[in-house]
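> What follows is a single structure, and I will ask about it in a moment.
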Amino acid sequence: MSKRILSAALALALSLSLAVPAFAEEESPFDDVPLDHWAIEAIRQAAEEYIVSGMDYQNFAPDAPLTSAQFVTIITRAFYWRELRAIEEAEEEVREDWTWYVHNRETAEQAGLMEGVGVEDWDAPMTRYQMAAMLYNVVVDKELVLPDKAALEAVEITDWDQVPEEFQEAVSTAYAMGLLSGMEDGSFAGDQTLTRAQAAVVYTKLDQALEVKDGLMERALDKAERTARQNDGFLSTRFIRYPGKLGTAYYVSQGGTPHGANSYLRYVDLDGTELDVRSLLPEGYVYGSVWYFPVEAIRFDETGEKLSFVTKVQELTDGPSMFNYGKDWGNTKIVVNVVTKEMESMEPVRYTEYWDVEVEQDNYGENTSDCLTVTLTQESGIEDIVVQESNIPFSGVKVSLGNGGISVTIPESLMADPDFLSSEFGQAVQLLRDMDLPGYFDEADDAKREQTAPYVQAKMNGVPLTGDVRLDPPVDGAHRLCFRIAEDADELHIRFLDGDALSFRVGLPQE
């Protein structure tokens with residue numbers, strides 16, 4: 001069993017164990033944590049953010065001891081999740097010393113968090129001294145502002161003379177920064193065991209310190225991405241930020257399940273307040289589909305107040321069910337105001353996914369070439385791709401612009417039409433069909449690219465684009481010629497900016 005699979009399985013188990021609902025302020029997240037518990041708010045936050053889970057869905061066990069392994073898991077899961085993911089993904093085989101916390105331990109060790117902590121048994125309860133030492137290392141590694149000498153000298157701890165010298169700097173720093181507090185009698189009691197409630201409080205205080213350093217919005221975005229990527233390994237996650245003047249929108253798409261994907265669009269303003277954009281949309285419609293919410297053309301206006309995007313919209317006739325679809329709006333541009341938190345408009349957009357060509361050659365005049373030529377242009381945004389000019393001499397041909405490139409669908413009847421076969425377009429298709437073209441998932445080598453390039457040509461603003469040519473076998477009475485753009489690194493999308501033009505030509509090599 002590979003370590004990556006095993007790690008993914010553990011991640012899912014952890015995510016399931018942490019799957020607690022969002023709790024109302026007037027109710028406790030756990031049966032054994034009353035509303036007047038001294039750590040109720042910290043426990044609530046840690047549970048809702050999937051950092052410290054309960055012993056089960058009903059109980060948290062706030063006074064139970066916490067082991068070093070458990071505390072290291074909390075810290076790395078919360079503040080070093082990117083480093084933790086990198087270590088998990090780097091391993092492919094299960095090793096002999098594997099334990100459920102091995103990657104968390106290695107993450108902490110590589111970041112220097114265990115220096116001076118003195119952990120000998122990772123499964124033994126952690127002391128408050130050890131916790132303070134590790135917390136100090138996090139402060140240094142995250143480059144938080146350390147307290148000055150006066151602030152350190154102002155710290156009052158009744159059992160200071162009992163604090164070992166090797167822990168004094170860590171304890172006094174954490175006190176001065178407000179990350180730690182003592183017992184009711186004013187002592188630190190460093191030899192006592194760290195409890196689960198205390199660990200939750202430490203997490204929230206360190207989180208607040210990072211909010212001060214990084215800003216409320218950035219901290220909220222980091223936590224949003226951390227949460228979104230928890231199920232990576234089972235689902236492929238994309239997390240994309242869209243900065244604006246007043247805040248940042250982010251789009252999450254998770255795919256890989258048998259029934260589609262999970263995706264959402266949210267907005268975080270400068271004070272860290274998060275807005276679920278989908279909640280602003282009117283009821284009675286399905287956006288994207290029942291399962292997911294794909295959006296594109298996400299952008300802000302100049303003020304930063306209006307956020308617009310495009311998604312598919314369909315009316316519902318009787319509740320949100322795949323069997324109750326009404327009118328299909330297709331691609332629809334939606335504008336929401338992130339300040340007033342209202343939707344301002346929802347209108348179908350002119351988005352040309354493909355162009356049906358049902359015109360005869362005579363319609364173009366006597367001087368029309370019999371090769372296929374299409375020019376696309378971008379008018380105002382990704383949703384406004386239009387045909388600027390086209391020259392397609394044979395009816396039934398369709399041209400489509402997709403994620404991977406450009407496709408031409410040719411009716412099978414044309415492949416038996418003498419006029420088509422004798423045309424420049426038809427001869428090019430026949431020659432390409434006889435060439436050794438790559439399969440859909442094959443990589444085209446330079447020799448094949450050079451061989452097919454003269455027959456299929458594309459230019460962006462007059463600059464040639466290279467690509468891989470493929471000719472699929474007949475499907476449903478049609479052939480499909482694909483020109484997959486190979487230069488664009490962003491998932492092979494053809495990316496338009498305002499005013500860009502893409503020209504595409506299929507025919508015999510030009511002299």
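Every chain in the structure tokens has a letter given in the order shown (A, B, ...), and although residue numbers restart at 1 in each chain, ligands are simply numbered from 1 in the order shown.
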Which residues in range 233-295 of chain A does DSSP call strand (DSSP E or B)? List them as a VMD selection string.
chain A and resid 235 to 243 247 to 257 260 to 269 274 to 276 285 to 287
> Now that the selection is made, can you save its residues with C-alpha atoms as a CSV table (one decimal), in the first residue's frame?

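Below is the file out33.csv, written as the result:
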chain,number,residue,atom,x,y,z
A,235,LEU,CA,-10.8,15.0,-4.6
A,236,SER,CA,-8.8,17.3,-6.9
A,237,THR,CA,-9.0,20.8,-5.4
A,238,ARG,CA,-8.5,24.2,-7.0
A,239,PHE,CA,-8.4,27.3,-4.8
A,240,ILE,CA,-8.1,30.5,-6.8
A,241,ARG,CA,-8.0,34.0,-5.4
A,242,TYR,CA,-9.4,37.1,-7.1
A,243,PRO,CA,-8.2,40.3,-5.3
A,247,GLY,CA,-11.4,42.4,-0.3
A,248,THR,CA,-10.7,39.2,-2.1
A,249,ALA,CA,-13.0,36.6,-3.7
A,250,TYR,CA,-12.0,33.0,-3.9
A,251,TYR,CA,-13.3,30.1,-5.9
A,252,VAL,CA,-13.0,26.5,-4.8
A,253,SER,CA,-13.6,23.6,-7.1
A,254,GLN,CA,-13.3,20.0,-5.9
A,255,GLY,CA,-13.7,17.2,-8.5
A,256,GLY,CA,-13.1,13.5,-8.7
A,257,THR,CA,-16.3,12.1,-7.3
A,260,GLY,CA,-19.7,15.5,-10.1
A,261,ALA,CA,-17.9,18.1,-8.0
A,262,ASN,CA,-18.2,20.4,-5.1
A,263,SER,CA,-17.5,24.1,-5.8
A,264,TYR,CA,-18.3,27.5,-4.3
A,265,LEU,CA,-17.5,31.2,-4.7
A,266,ARG,CA,-17.0,33.3,-1.5
A,267,TYR,CA,-15.7,36.8,-0.7
A,268,VAL,CA,-13.6,38.0,2.3
A,269,ASP,CA,-13.4,41.7,3.0
A,274,GLU,CA,-16.7,36.1,4.8
A,275,LEU,CA,-19.6,36.2,2.4
A,276,ASP,CA,-21.0,33.1,0.7
A,285,TYR,CA,-33.0,28.4,-9.8
A,286,VAL,CA,-30.1,25.9,-10.1
A,287,TYR,CA,-26.7,27.4,-10.6
> Could you work out how far CA of Val171 in chain A lies from CA of Ala150 in chain A, giving the answer in Å with one decimal?
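For CA of Ala150 in chain A relative to CA of Val171 in chain A, the distance reads 15.2 Å.
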> Skip Ala108 in chain A itself and residues of its chain fewer than 4 positions away, then list as a list of chain:residue names all residues within 8 Å of it, counting only C-alpha atoms.
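Surrounding residues, per the criterion: A:Val72, A:Thr76, A:Asn104, A:Gly112, A:Leu113, A:Met114.
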> From the set A:Arg278, A:Arg505, A:Lys205, A:Lys327, which residue has the shortest atom-to-atom contact distance to Lys341 in chain A, counting only C-alpha atoms?
A:Arg278
> Smallest atom-to-atom distance to Val33 in chain A: which of A:His479, A:Arg196, A:Arg95, A:Arg219, using only C-alpha atoms?
A:Arg196
> Please determine, counting only C-alpha atoms, which residue among A:Met343, A:Glu109, A:Ala478, A:Asn137 has the shortest atom-to-atom distance to Gly396 in chain A.
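Smallest distance to Gly396 in chain A is found for A:Ala478.
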> I want to know what sits within 7 Å of Ile157 in chain A, based on only C-alpha atoms, with residues of the same chain fewer than 2 positions away left out; could you give that as a PyMOL selection string?
chain A and resi 155+159-160+186-188
> Write the residues of the selection above to a file with C-alpha atoms, as a CSV table (one decimal), in the first residue's frame.

chain,number,residue,atom,x,y,z
A,155,VAL,CA,5.4,39.4,33.7
A,159,ASP,CA,6.2,30.3,40.9
A,160,TRP,CA,8.8,31.9,38.7
A,186,GLY,CA,-1.1,33.1,39.6
A,187,SER,CA,1.3,30.2,39.1
A,188,PHE,CA,2.3,28.7,35.8
> So the first atom is CA of Asp301 in chain A and the second is CA of Thr340 in chain A; what is the distance between them in Å, to one decimal place?
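Separation between CA of Asp301 in chain A and CA of Thr340 in chain A: 14.8 Å.
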